Amino acid sequence: MIIYFITSNPHKVEEVRELAADKGISIRHLHYEYPELQLDAIEEVAIASANHIRREKWAEINAPFFIEDSGLLIHALNDFPGPFSAFVFRKIGNEGILKLMAGKEGGERRATFKTVVAFCRDPDAEPSLFIGTVEGRIADRARGDGGFGFDPIFEYEGTGTTFAEMSTEEKNKVSHRSRAFTKFLNHILQHLH
Ligand code: IMP
């Protein structure tokens with residue numbers, strides 16, 4: 001069975017390919033930039049994106065596909081930027097987030113990373129969701145050269161290292177994305193493979 005991962009982010013593809021390969025599932029990448037709506041929750045954005053692709057592209061893809069939407073939720077900022085993470089990263093980047101966090105210490109720097117996978121199995125059904133989260137804190141300064149996006153400022157609570165200081169393999173052992181995709185890939189193995 002062929003399952004397509006629709007995304008324009010090659011970093012996500014790399015992380016997910018490693019996870020899928022470990023379970024013997026092959027994922028095909030389809031590069032397609034879909035409009036991302038600005039809604040109040042990451043789940044709502046993922047559902048809207050998957051439904052948009054299902055309606056506009058099913059005839060062309062003609063196979064099960066998934067997308068994923070992720071975001072950083074900083075608790076002292078009322079879970080900002082959450083569903084606006086891509087926009088905020090483009091506009092102010094990690095340095096901008098660090099400025100917003102100036103003066104915040106200890107527990108005030110707590111944050112959650114969240115991934116929502118939206119899977120469309122057929123052209124007529126609403127997507128199924130698989131969600132993963134990981135707890136951490138916003139580092140005092142950017143550290144590490146690996147990963148992408150907010151990785152240099154997100155310290156994993158288990159080790160205190162930032163995601164950018166980890167290899168893909170290490171990040172995949174604990175990340176929000178790997179937790180969401182482990183649920184998703186187990187579902188595929190149990191029901192569809
Ligand atoms: P989206 O899921 O592509 O909309 O991601 C939202 C924003 O969060 C983008 O700026 C991404 O670069 C960032 N992001 C998503 N996943 C991760 C991750 O695993 N680490 C760091 N930043 C991420």
# chains A, B, ... in the order shown; residues from 1 in each chain; ligands from 1
>>> residues_near_ligand(ligand="ligand 1", cutoff="6 Å", atoms="only C-alpha atoms and all ligand atoms", output="list of chain:residue names")
A:Asp69, A:Ser70, A:Gly71, A:Ser85, A:Ala86, A:Phe89, A:Phe148, A:Gly149, A:Phe150, A:Asp151
>>> closest_atom_pairs(of="stretch 41-134 of chain A", to="stretch 171-178 of chain A", cutoff="10 Å", atoms="only C-alpha atoms", output="tab-separated table")
residue	atom	partner	partner_atom	distance
A:Glu68	CA	A:Arg177	CA	8.8
A:Asp69	CA	A:Arg177	CA	9.5
A:Ser70	CA	A:Arg177	CA	7.9
A:Gly71	CA	A:His176	CA	9.6
A:Thr112	CA	A:His176	CA	8.6
A:Phe113	CA	A:His176	CA	5.9
A:Lys114	CA	A:His176	CA	5.4
A:Thr115	CA	A:Arg177	CA	5.4
A:Val116	CA	A:Arg177	CA	8.1
A:Val117	CA	A:Arg177	CA	8.6
A:Phe130	CA	A:Arg177	CA	10.0
A:Ile131	CA	A:His176	CA	8.0
A:Gly132	CA	A:His176	CA	4.7
A:Thr133	CA	A:His176	CA	4.2
A:Val134	CA	A:His176	CA	4.9
>>> write_last_selection(atoms="all heavy atoms", output="compact mmCIF listing (two decimals), in the first residue's frame")
# COMPACT_ATOMS: atom_id res chain seq x y z
N GLU A 68 0.66 16.84 8.27
CA GLU A 68 0.79 17.09 9.70
C GLU A 68 0.97 18.57 9.94
O GLU A 68 1.52 19.28 9.13
CB GLU A 68 1.89 16.25 10.33
CG GLU A 68 3.31 16.63 9.92
CD GLU A 68 4.02 17.41 11.00
OE1 GLU A 68 3.66 18.60 11.19
OE2 GLU A 68 4.97 16.87 11.61
N ASP A 69 0.42 19.00 11.08
CA ASP A 69 0.59 20.40 11.47
C ASP A 69 1.15 20.40 12.89
O ASP A 69 0.67 19.65 13.74
CB ASP A 69 -0.75 21.12 11.39
CG ASP A 69 -0.53 22.61 11.27
OD1 ASP A 69 0.25 23.03 10.41
OD2 ASP A 69 -1.12 23.36 12.07
N SER A 70 2.17 21.22 13.11
CA SER A 70 2.80 21.25 14.42
C SER A 70 2.84 22.67 14.96
O SER A 70 2.69 23.64 14.20
CB SER A 70 4.24 20.73 14.32
OG SER A 70 4.25 19.39 13.91
N GLY A 71 3.06 22.81 16.25
CA GLY A 71 3.16 24.15 16.83
C GLY A 71 3.80 24.11 18.20
O GLY A 71 3.84 23.07 18.86
N THR A 112 5.22 23.41 25.39
CA THR A 112 4.86 22.10 24.82
C THR A 112 4.97 22.18 23.31
O THR A 112 4.56 23.19 22.72
CB THR A 112 3.40 21.75 25.18
OG1 THR A 112 3.25 21.76 26.60
CG2 THR A 112 3.00 20.38 24.64
N PHE A 113 5.53 21.16 22.71
CA PHE A 113 5.50 21.03 21.26
C PHE A 113 4.40 20.04 20.92
O PHE A 113 4.27 19.00 21.60
CB PHE A 113 6.81 20.44 20.75
CG PHE A 113 7.60 21.34 19.86
CD1 PHE A 113 8.96 21.51 20.05
CD2 PHE A 113 6.97 22.03 18.83
CE1 PHE A 113 9.69 22.34 19.24
CE2 PHE A 113 7.70 22.87 18.01
CZ PHE A 113 9.05 23.03 18.22
N LYS A 114 3.63 20.32 19.88
CA LYS A 114 2.51 19.43 19.54
C LYS A 114 2.49 19.16 18.05
O LYS A 114 2.70 20.08 17.25
CB LYS A 114 1.22 20.13 19.96
CG LYS A 114 -0.04 19.32 19.77
CD LYS A 114 -1.19 20.13 20.36
CE LYS A 114 -2.42 19.32 20.56
NZ LYS A 114 -3.48 20.09 21.20
N THR A 115 2.25 17.91 17.69
CA THR A 115 2.04 17.54 16.28
C THR A 115 0.68 16.88 16.14
O THR A 115 0.31 16.03 16.95
CB THR A 115 3.11 16.52 15.81
OG1 THR A 115 4.35 17.17 15.68
CG2 THR A 115 2.74 15.91 14.46
N VAL A 116 -0.05 17.29 15.12
CA VAL A 116 -1.32 16.64 14.77
C VAL A 116 -1.18 16.07 13.37
O VAL A 116 -0.93 16.81 12.42
CB VAL A 116 -2.50 17.63 14.82
CG1 VAL A 116 -3.79 16.93 14.42
CG2 VAL A 116 -2.63 18.25 16.21
N VAL A 117 -1.31 14.75 13.26
CA VAL A 117 -1.31 14.09 11.95
C VAL A 117 -2.77 13.94 11.53
O VAL A 117 -3.59 13.47 12.31
CB VAL A 117 -0.68 12.67 12.02
CG1 VAL A 117 -0.73 11.99 10.66
CG2 VAL A 117 0.74 12.76 12.53
N PHE A 130 -4.12 11.92 14.78
CA PHE A 130 -3.18 11.27 15.70
C PHE A 130 -2.31 12.38 16.29
O PHE A 130 -1.68 13.14 15.53
CB PHE A 130 -2.33 10.24 14.96
CG PHE A 130 -3.17 9.19 14.30
CD1 PHE A 130 -3.68 9.40 13.02
CD2 PHE A 130 -3.50 8.02 14.96
CE1 PHE A 130 -4.49 8.44 12.41
CE2 PHE A 130 -4.30 7.06 14.36
CZ PHE A 130 -4.80 7.27 13.08
N ILE A 131 -2.29 12.47 17.62
CA ILE A 131 -1.68 13.63 18.26
C ILE A 131 -0.51 13.22 19.15
O ILE A 131 -0.60 12.21 19.86
CB ILE A 131 -2.75 14.38 19.10
CG1 ILE A 131 -3.85 14.87 18.15
CG2 ILE A 131 -2.14 15.56 19.87
CD1 ILE A 131 -5.07 15.44 18.83
N GLY A 132 0.56 13.98 19.10
CA GLY A 132 1.70 13.73 19.98
C GLY A 132 2.18 15.05 20.58
O GLY A 132 2.17 16.08 19.92
N THR A 133 2.61 14.98 21.86
CA THR A 133 3.15 16.19 22.50
C THR A 133 4.44 15.84 23.23
O THR A 133 4.68 14.67 23.57
CB THR A 133 2.17 16.79 23.54
OG1 THR A 133 1.91 15.81 24.54
CG2 THR A 133 0.88 17.25 22.92
N VAL A 134 5.25 16.87 23.48
CA VAL A 134 6.43 16.69 24.33
C VAL A 134 6.61 17.97 25.15
O VAL A 134 6.35 19.07 24.66
CB VAL A 134 7.69 16.39 23.49
CG1 VAL A 134 8.04 17.50 22.52
CG2 VAL A 134 8.90 16.11 24.39
>>> residues_around(residues="A:Gly24", least_positions_apart="3", cutoff="10 Å", atoms="only C-alpha atoms", output="list in words")
Glu18, Leu19, Ala20, Ala21, Ile27, Leu185, Leu189 and His193 of chain A
>>> write_last_selection(atoms="all heavy atoms", output="JSON list (two decimals), in the first residue's frame")
[["chain", "number", "residue", "atom", "x", "y", "z"],
["A", 18, "GLU", "N", 12.42, 7.97, 8.76],
["A", 18, "GLU", "CA", 13.17, 7.09, 9.69],
["A", 18, "GLU", "C", 12.20, 6.28, 10.55],
["A", 18, "GLU", "O", 12.39, 5.10, 10.76],
["A", 18, "GLU", "CB", 14.10, 7.92, 10.59],
["A", 18, "GLU", "CG", 15.37, 8.32, 9.88],
["A", 18, "GLU", "CD", 16.50, 8.74, 10.86],
["A", 18, "GLU", "OE1", 16.42, 8.45, 12.06],
["A", 18, "GLU", "OE2", 17.45, 9.37, 10.38],
["A", 19, "LEU", "N", 11.16, 6.97, 11.04],
["A", 19, "LEU", "CA", 10.19, 6.28, 11.90],
["A", 19, "LEU", "C", 9.44, 5.19, 11.13],
["A", 19, "LEU", "O", 9.23, 4.09, 11.63],
["A", 19, "LEU", "CB", 9.17, 7.30, 12.45],
["A", 19, "LEU", "CG", 9.70, 8.31, 13.45],
["A", 19, "LEU", "CD1", 8.69, 9.43, 13.65],
["A", 19, "LEU", "CD2", 9.98, 7.61, 14.78],
["A", 20, "ALA", "N", 9.04, 5.50, 9.90],
["A", 20, "ALA", "CA", 8.28, 4.55, 9.10],
["A", 20, "ALA", "C", 9.15, 3.36, 8.70],
["A", 20, "ALA", "O", 8.70, 2.21, 8.74],
["A", 20, "ALA", "CB", 7.71, 5.25, 7.86],
["A", 21, "ALA", "N", 10.41, 3.64, 8.35],
["A", 21, "ALA", "CA", 11.31, 2.56, 7.94],
["A", 21, "ALA", "C", 11.49, 1.56, 9.08],
["A", 21, "ALA", "O", 11.51, 0.35, 8.87],
["A", 21, "ALA", "CB", 12.65, 3.14, 7.51],
["A", 27, "ILE", "N", 6.80, 5.36, 2.91],
["A", 27, "ILE", "CA", 6.05, 6.60, 2.77],
["A", 27, "ILE", "C", 6.55, 7.30, 1.51],
["A", 27, "ILE", "O", 7.75, 7.39, 1.30],
["A", 27, "ILE", "CB", 6.35, 7.53, 3.98],
["A", 27, "ILE", "CG1", 5.97, 6.87, 5.30],
["A", 27, "ILE", "CG2", 5.74, 8.90, 3.82],
["A", 27, "ILE", "CD1", 4.51, 6.81, 5.59],
["A", 185, "LEU", "N", 1.43, 5.23, 12.74],
["A", 185, "LEU", "CA", 2.01, 4.08, 12.05],
["A", 185, "LEU", "C", 1.51, 2.77, 12.65],
["A", 185, "LEU", "O", 1.26, 1.80, 11.94],
["A", 185, "LEU", "CB", 3.55, 4.15, 12.09],
["A", 185, "LEU", "CG", 4.15, 5.35, 11.32],
["A", 185, "LEU", "CD1", 5.64, 5.51, 11.63],
["A", 185, "LEU", "CD2", 3.94, 5.19, 9.81],
["A", 189, "LEU", "N", -0.38, -0.23, 10.69],
["A", 189, "LEU", "CA", 0.02, -1.64, 10.79],
["A", 189, "LEU", "C", -1.15, -2.53, 11.20],
["A", 189, "LEU", "O", -1.34, -3.62, 10.67],
["A", 189, "LEU", "CB", 1.16, -1.80, 11.81],
["A", 189, "LEU", "CG", 2.55, -1.37, 11.35],
["A", 189, "LEU", "CD1", 3.54, -1.55, 12.48],
["A", 189, "LEU", "CD2", 2.99, -2.18, 10.12],
["A", 193, "HIS", "N", -2.30, -2.39, 6.70],
["A", 193, "HIS", "CA", -1.11, -2.85, 5.98],
["A", 193, "HIS", "C", -1.32, -4.24, 5.38],
["A", 193, "HIS", "O", -1.92, -5.10, 5.98],
["A", 193, "HIS", "CB", 0.09, -2.83, 6.94],
["A", 193, "HIS", "CG", 1.35, -2.46, 6.26],
["A", 193, "HIS", "ND1", 1.44, -1.41, 5.38],
["A", 193, "HIS", "CD2", 2.59, -3.00, 6.32],
["A", 193, "HIS", "CE1", 2.69, -1.30, 4.93],
["A", 193, "HIS", "NE2", 3.39, -2.25, 5.48]]
>>> residues_around(residues="A:Pro123", least_positions_apart="6", cutoff="12 Å", atoms="only C-alpha atoms", output="list in words")
Ala50, Asn51, His52, Ile53, Arg54, Arg55, Glu56, Lys57, Trp58, Ala59, Glu60, Ile61, Asn62, Ala63, Pro64 and Phe65 of chain A
>>> write_last_selection(atoms="C-alpha atoms", output="mmCIF file, in the first residue's frame")
data_model
loop_
_atom_site.group_PDB
_atom_site.id
_atom_site.type_symbol
_atom_site.label_atom_id
_atom_site.label_comp_id
_atom_site.auth_asym_id
_atom_site.auth_seq_id
_atom_site.Cartn_x
_atom_site.Cartn_y
_atom_site.Cartn_z
ATOM 1 C CA ALA A 50 -6.550 17.669 4.962
ATOM 2 C CA ASN A 51 -10.118 18.368 3.806
ATOM 3 C CA HIS A 52 -8.883 20.993 1.350
ATOM 4 C CA ILE A 53 -6.417 18.512 -0.181
ATOM 5 C CA ARG A 54 -9.013 15.716 -0.180
ATOM 6 C CA ARG A 55 -11.439 17.872 -2.163
ATOM 7 C CA GLU A 56 -8.928 19.491 -4.518
ATOM 8 C CA LYS A 57 -6.359 16.748 -5.102
ATOM 9 C CA TRP A 58 -7.883 13.314 -4.499
ATOM 10 C CA ALA A 59 -8.404 12.644 -8.236
ATOM 11 C CA GLU A 60 -4.707 13.266 -8.805
ATOM 12 C CA ILE A 61 -3.318 11.455 -5.728
ATOM 13 C CA ASN A 62 -5.866 8.621 -5.742
ATOM 14 C CA ALA A 63 -4.322 7.014 -2.641
ATOM 15 C CA PRO A 64 -4.419 7.464 1.134
ATOM 16 C CA PHE A 65 -2.473 10.507 2.262
#
>>> residues_around(residues="A:Ala48", least_positions_apart="4", cutoff="10 Å", atoms="only C-alpha atoms", output="ChimeraX atom specification")
/A:35-39,42-44,52-54,118,126-127
>>> write_last_selection(atoms="C-alpha atoms", output="mmCIF file, in the first residue's frame")
data_model
loop_
_atom_site.group_PDB
_atom_site.id
_atom_site.type_symbol
_atom_site.label_atom_id
_atom_site.label_comp_id
_atom_site.auth_asym_id
_atom_site.auth_seq_id
_atom_site.Cartn_x
_atom_site.Cartn_y
_atom_site.Cartn_z
ATOM 1 C CA PRO A 35 -3.161 27.132 2.011
ATOM 2 C CA GLU A 36 -2.951 26.983 5.812
ATOM 3 C CA LEU A 37 -5.945 28.592 7.490
ATOM 4 C CA GLN A 38 -5.424 30.665 10.649
ATOM 5 C CA LEU A 39 -7.729 28.914 13.120
ATOM 6 C CA ILE A 42 -3.687 23.106 15.632
ATOM 7 C CA GLU A 43 -6.250 20.273 15.306
ATOM 8 C CA GLU A 44 -8.636 22.583 13.393
ATOM 9 C CA HIS A 52 -8.883 20.993 1.350
ATOM 10 C CA ILE A 53 -6.417 18.512 -0.181
ATOM 11 C CA ARG A 54 -9.013 15.716 -0.180
ATOM 12 C CA ALA A 118 -4.449 14.160 9.763
ATOM 13 C CA GLU A 126 -13.294 13.092 7.313
ATOM 14 C CA PRO A 127 -9.632 12.733 8.343
#
>>> select_by_dssp(residues="stretch 40-138 of chain A", states="alpha helix (DSSP H)", output="JSON, numbers by chain")
{"A": [42, 43, 44, 45, 46, 47, 48, 49, 50, 51, 52, 53, 54, 55, 56, 57, 58, 59, 60, 61, 85, 86, 87, 88, 89, 90, 91, 92, 93, 94, 95, 96, 97, 98, 99, 100]}
>>> closest_residue(among="A:His31, A:Ile67, A:Tyr156, A:Gly103", to="A:Val16", atoms="only C-alpha atoms")
A:Ile67
>>> residues_around(residues="A:Glu157", least_positions_apart="2", cutoff="6 Å", atoms="only C-alpha atoms", output="list in words")
Gly136, Thr159 and Gly160 of chain A
>>> select_by_dssp(residues="stretch 56-129 of chain A", states="strand (DSSP E)", output="ChimeraX atom specification")
/A:65-74,80-81,110-120,128-129
